[in-house]
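Undergrad: One structure coming up, written as structure tokens, with questions to follow.
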Amino acid sequence: MTYFFIIIYSITLVYFALSERVKKFIVLLAIQGVLLFGIVFFNLGQVALGEFLFVLVETIVVKSVVIPIFLNKVRRNNGLKRVHETEIPVFYSIIVVTVMLMGSFFVSNYLHNEQIHTKFFTVAIASVFFGIYFIIIHKNVFSHLVGYLIIENGIFLLSLAVGSEIPMLVNFAVLLDVLMGVLVIGIFMNRVSDRFQSTSIDELAKLKD
Amino acid sequence: MLEYYFLLALAISGLMILFKNRTFNQVACTLFALLQIGVVVFAYLHAKETDALYFKYDMLGILLTAVLSILTPITFYHSYLYLQRYSPEIGRQSIYWAALVILITAMTGAYFAENVALLWVCIEVTTLCVTVLVFHDRSKTSLEASWKYLFISSVGVAIAFMGILFLTAVSVESGPKSLNFTDLIANAHTMNATWIKIAFILVLTGFSIKLSIFPLFAAAIDAKTVAPSPANALLSSALVSVGFVGIFRFYAIIAHTDADLWARNVLMITGLISIFLAAVQLFRVKRFTRMYALSTMEHAGIICLALFAGGIGYYAAVLHVVLHSFVKAGLFYQLGQSNYIYKSIWIKDSGAYFKINPLGALVVMLGFFSIVAIPPSGLFVTEFLIFKTLFLQKHYLISIVALILLTAILFQIARFLFHLLFEKNPEQLHDTDFNINKAENIAPFLLFVLAAYLGYSPPGFFVNMINSAIAIIQ
């Protein structure tokens with residue numbers, strides 16, 4: 001079952017490359033949150049109730065509900081429907097994401113380590129690199145925020161891949177930090193849109209001497 | 001103790017936003033400054049002890065918190081002047097104070113963090129606070145700078161978190177399940193070199209925005225270009241120390257593995273590229289704030305070279321961090337006054353400072369000698385130690401390239417500051433436009449003198465503190 005969720009997660013990355021509609025980005029992020037819960041759920045062995053609840057909150061509540069609702073609000077405030085700013089055709093992006101998935105598969109095999117769960121590691125690395133690629137090819141601050149969240153989801157998978165032993169309290173602080181970061185980024189995005197009458201990063205180039 | 005400190009700081013900043021009252025803000029800031037000093041005293045008395053589960057009072061943390069505690073009341077005083085001059089609106093003032101208090105608290109947390117992930121959390125909190133401070137004047141440029149800082153810093157620390165996760169993998173593989181620095185250093189020799197190299201590169205990349213070095217320096221430079229000068233004093237000193245702590249502690253782990261030489265080479269390359277980029281960009285600079293921001297980048301590059309040098313270089317690196325904090329903060333405090341007089345941060349709008357504000361000009365002159373490391377600057381001692389070590393280790397090419405770049409930087413900074421001091425009086429400036437407050441120059445002057453004193457004649461306990469701080473590497 002875990003492989004099923006991982007494969008679906010990889011497909012969402014391809015869909016990100018295909019999509020131009022902002023609403024679709026938000027739906028895909030919500031789906032990724034559910035998939036992450038599925039991946040964790042089917043890999044939990046004997047686990048304390050507190051830990052289970054934490055994962056539930058982190059994936060379903062935060063990643064699938066709170067953040068998508070917030071992003072949708074930001075989208076509506078800024079009247080965003082489509083992003084046409086990519087300089088790279090969709091076809092090439094699909095090739096790039098495929099190469100990233102294959103590349104991460106080879107890297108995972110090369111960096112073989114007993115402590116690393118290769119099945120998670122492959123898609124985690126692909127997700128992080130794709131998030132960075134997504135930020136680079138888009139010229140819209142909203143897409144940059146989406147790219148950042150793709151990276152965050154990749155890092156979540158990476159923490160599963162390395163079987164991280166971070167204490168619960170610290171884990172909670174990390175989650176709170178990320179959530180605050182996303183909210184503040186969203187608020188600033190609204191400000192950018194109000195001040196510059198656009199969410200294109202071309203407008204944000206007045207600081208150079 | 002630290003948990004109470006965090007709770008009190010949170011309560012103070014929360015109440016500031018809630019009450020929006022000038023008197024309350026002043027009283028709260030005074031209390032917080034005292035609390036900050038109390039934390040340093042408590043930490044010094046409980047050196048090497050663990051507190052609040054995930055924090056430890058090690059000497060590096062105590063030293064840098066002491067520097068921060070010296071800068072805190074001065075920053076509060078200059079912030080008070082800044083807000084009186086530019087932001088009379090109480091709502092914005094309260095947000096500024098609250099963000100400043102949380103920033104100082106998060107930086108203190110980062111200095112004392114014993115757990116790797118908690119260090120990351122504290123550093124991420126500093127990002128949010130810096131964003132609020134940079135956005136203070138609500139202008140288009142401040143919005144642009146704060147957006148870039150927030151976004152790039154968030155991506156940067158996410159990358160650093162990947163490094164922490166890789167470190168988790170190697171630490172579990174090699175035995176200890178704890179992510180405490182002490183345990184990680186103790187078991188470093190058993191860790192897989194490849195994984196720890198990947199972790200180090202990711203952490204160095206992620207924290208580079210805090211230390212203002214290559215590769216993520218650009219957003220930090222932009223943020224420092226538009227931030228209010230008193231806040232800038234902390235961003236260019238204590239926040240740089242946060243970046244240093246993050247990288248230094250990870251370096252302390254890798255220094256105990258076979259990848260030590262590799263890590264030092266990475267630091268050398270990063271340092272040289274940073275100095276080079278600072279030198280090149282200084283030729284295009286038009287604002288004083290940007291000039292000082294690039295100067296911070298140069299000094300961060302020198303700190304990387306000091307870590308590369310090793311041996312006495314470690315001592316010089318920590319001393320350089322401390323002295324640079326005092327000098328750069330002093331320059332920014334004084335810049336607040338010159339910005340007020342000229343009503344501009346642009347170099348072209350300045351001139352005849354010796355005629356307009358002789359005392360302030362003397363402080364700028366002393367600050368100039370201090371920042372470019374010309375005697376009696378304390379930074380001369382640290383740079384002398386660093387280059388002496390590099391020459392003794394026969395790194396001739398690296399030393400000569402770095403020295404040429406530093407000469408170019410010195411030339412540019414001299415050109416800009418001499419423009420401020422000796423150029424003709426700007427036509428648009430009238431004597432009635434400003435009141436010169438001579439007391440503003442006291443703190444910068446004392447900070448430059450303190451930096452010189454600690455450089456040339458450091459007291460015994462101070463030397464012992466630095467030696468204890470670097471003992472984790474050797």
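Residues in the structure tokens are named by chain (A, B, ... in the order shown) and by number from 1 within that chain; ligands are numbered from 1 in the order shown.
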Identify all chain A residues at most 8 Å from chain B by counting only C-alpha atoms; ligands do not count. Present them as a VMD selection string.
TA: chain A and resid 114 to 116 148 151 to 152 155 158 to 159 162 to 166 170 173 to 174 177 181 184 to 185 188 to 189 191 to 192 195 to 196 204 to 207 209
Undergrad: Contacts of Ile473 (chain B) at 10 Å or less, counting only C-alpha atoms, minus same-chain residues fewer than 5 places along, as a list in words?
TA: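 The neighbour list is Ile185, Phe248, Arg249, Tyr251, Ala252, Ile253, Ile254, Ala255, His256, Gly310, Gly311, Tyr314 and Ser468 of chain B.
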Undergrad: Write out as an NGL selection string all residues of chain A that DSSP puts in helix (DSSP H, G or I) for this structure's backbone.
TA: :A and (2-18 or 22-41 or 49-77 or 90-110 or 118-137 or 141-161 or 168-196 or 201-203)
Undergrad: Skipping near chain neighbours, those fewer than 2 positions away, what residues fall within 6 Å of His189 (chain B) using only C-alpha atoms, listed as a compact mmCIF listing (two decimals) with C-alpha atoms, in the first residue's frame?
TA:
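Output (part_0.txt):
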```txt
# COMPACT_ATOMS: atom_id res chain seq x y z
CA ASN B 187 30.43 9.98 18.20
CA MET B 191 29.96 8.56 11.21
CA HIS B 256 36.17 15.01 14.31
CA THR B 257 35.77 12.92 11.16
```
Undergrad: Determine, counting only C-alpha atoms, which protein, DNA and RNA residues have an atom within 12 Å of an atom of Asn190 (chain A); residues of the same chain fewer than 6 positions away are not included. Present the result as a list in words.
TA: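 Near Asn190 (chain A), the qualifying residues are Phe70, Leu71, Lys73, Val74, Arg75, Arg76, Asn77, Asn78, Gly79, Leu80, Val141, Phe142, Leu183, Val184, Phe196, Gln197, Ser198 and Thr199 of chain A; Leu143 and Trp147 of chain B.
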Undergrad: Tell me, as number ranges by chain, which residues lie within 10 Å of Thr122 (chain A), counting only C-alpha atoms; anything in the same chain fewer than 5 positions away does not count.
TA: A: 6, 10, 100-109, 117, 127, 154, 157-158, 161
Undergrad: Go ahead and write the selection's residues with C-alpha atoms as an mmCIF file, in the first residue's frame.
TA:
```cif
data_model
loop_
_atom_site.group_PDB
_atom_site.id
_atom_site.type_symbol
_atom_site.label_atom_id
_atom_site.label_comp_id
_atom_site.auth_asym_id
_atom_site.auth_seq_id
_atom_site.Cartn_x
_atom_site.Cartn_y
_atom_site.Cartn_z
ATOM 1 C CA ILE A 6 4.399 6.912 -3.174
ATOM 2 C CA SER A 10 5.182 11.046 -7.818
ATOM 3 C CA MET A 100 14.420 14.065 -11.648
ATOM 4 C CA LEU A 101 12.496 10.990 -10.526
ATOM 5 C CA MET A 102 14.875 8.683 -12.373
ATOM 6 C CA GLY A 103 17.895 10.638 -11.178
ATOM 7 C CA SER A 104 16.794 10.421 -7.560
ATOM 8 C CA PHE A 105 16.278 6.686 -7.994
ATOM 9 C CA PHE A 106 19.898 6.309 -9.129
ATOM 10 C CA VAL A 107 21.185 8.643 -6.399
ATOM 11 C CA SER A 108 19.305 6.615 -3.772
ATOM 12 C CA ASN A 109 20.917 3.447 -5.013
ATOM 13 C CA HIS A 117 14.523 3.818 3.412
ATOM 14 C CA SER A 127 10.126 16.422 -4.594
ATOM 15 C CA GLY A 154 9.670 16.531 0.165
ATOM 16 C CA LEU A 157 9.189 12.443 3.247
ATOM 17 C CA LEU A 158 12.907 12.769 3.810
ATOM 18 C CA ALA A 161 13.346 8.139 4.807
#
```
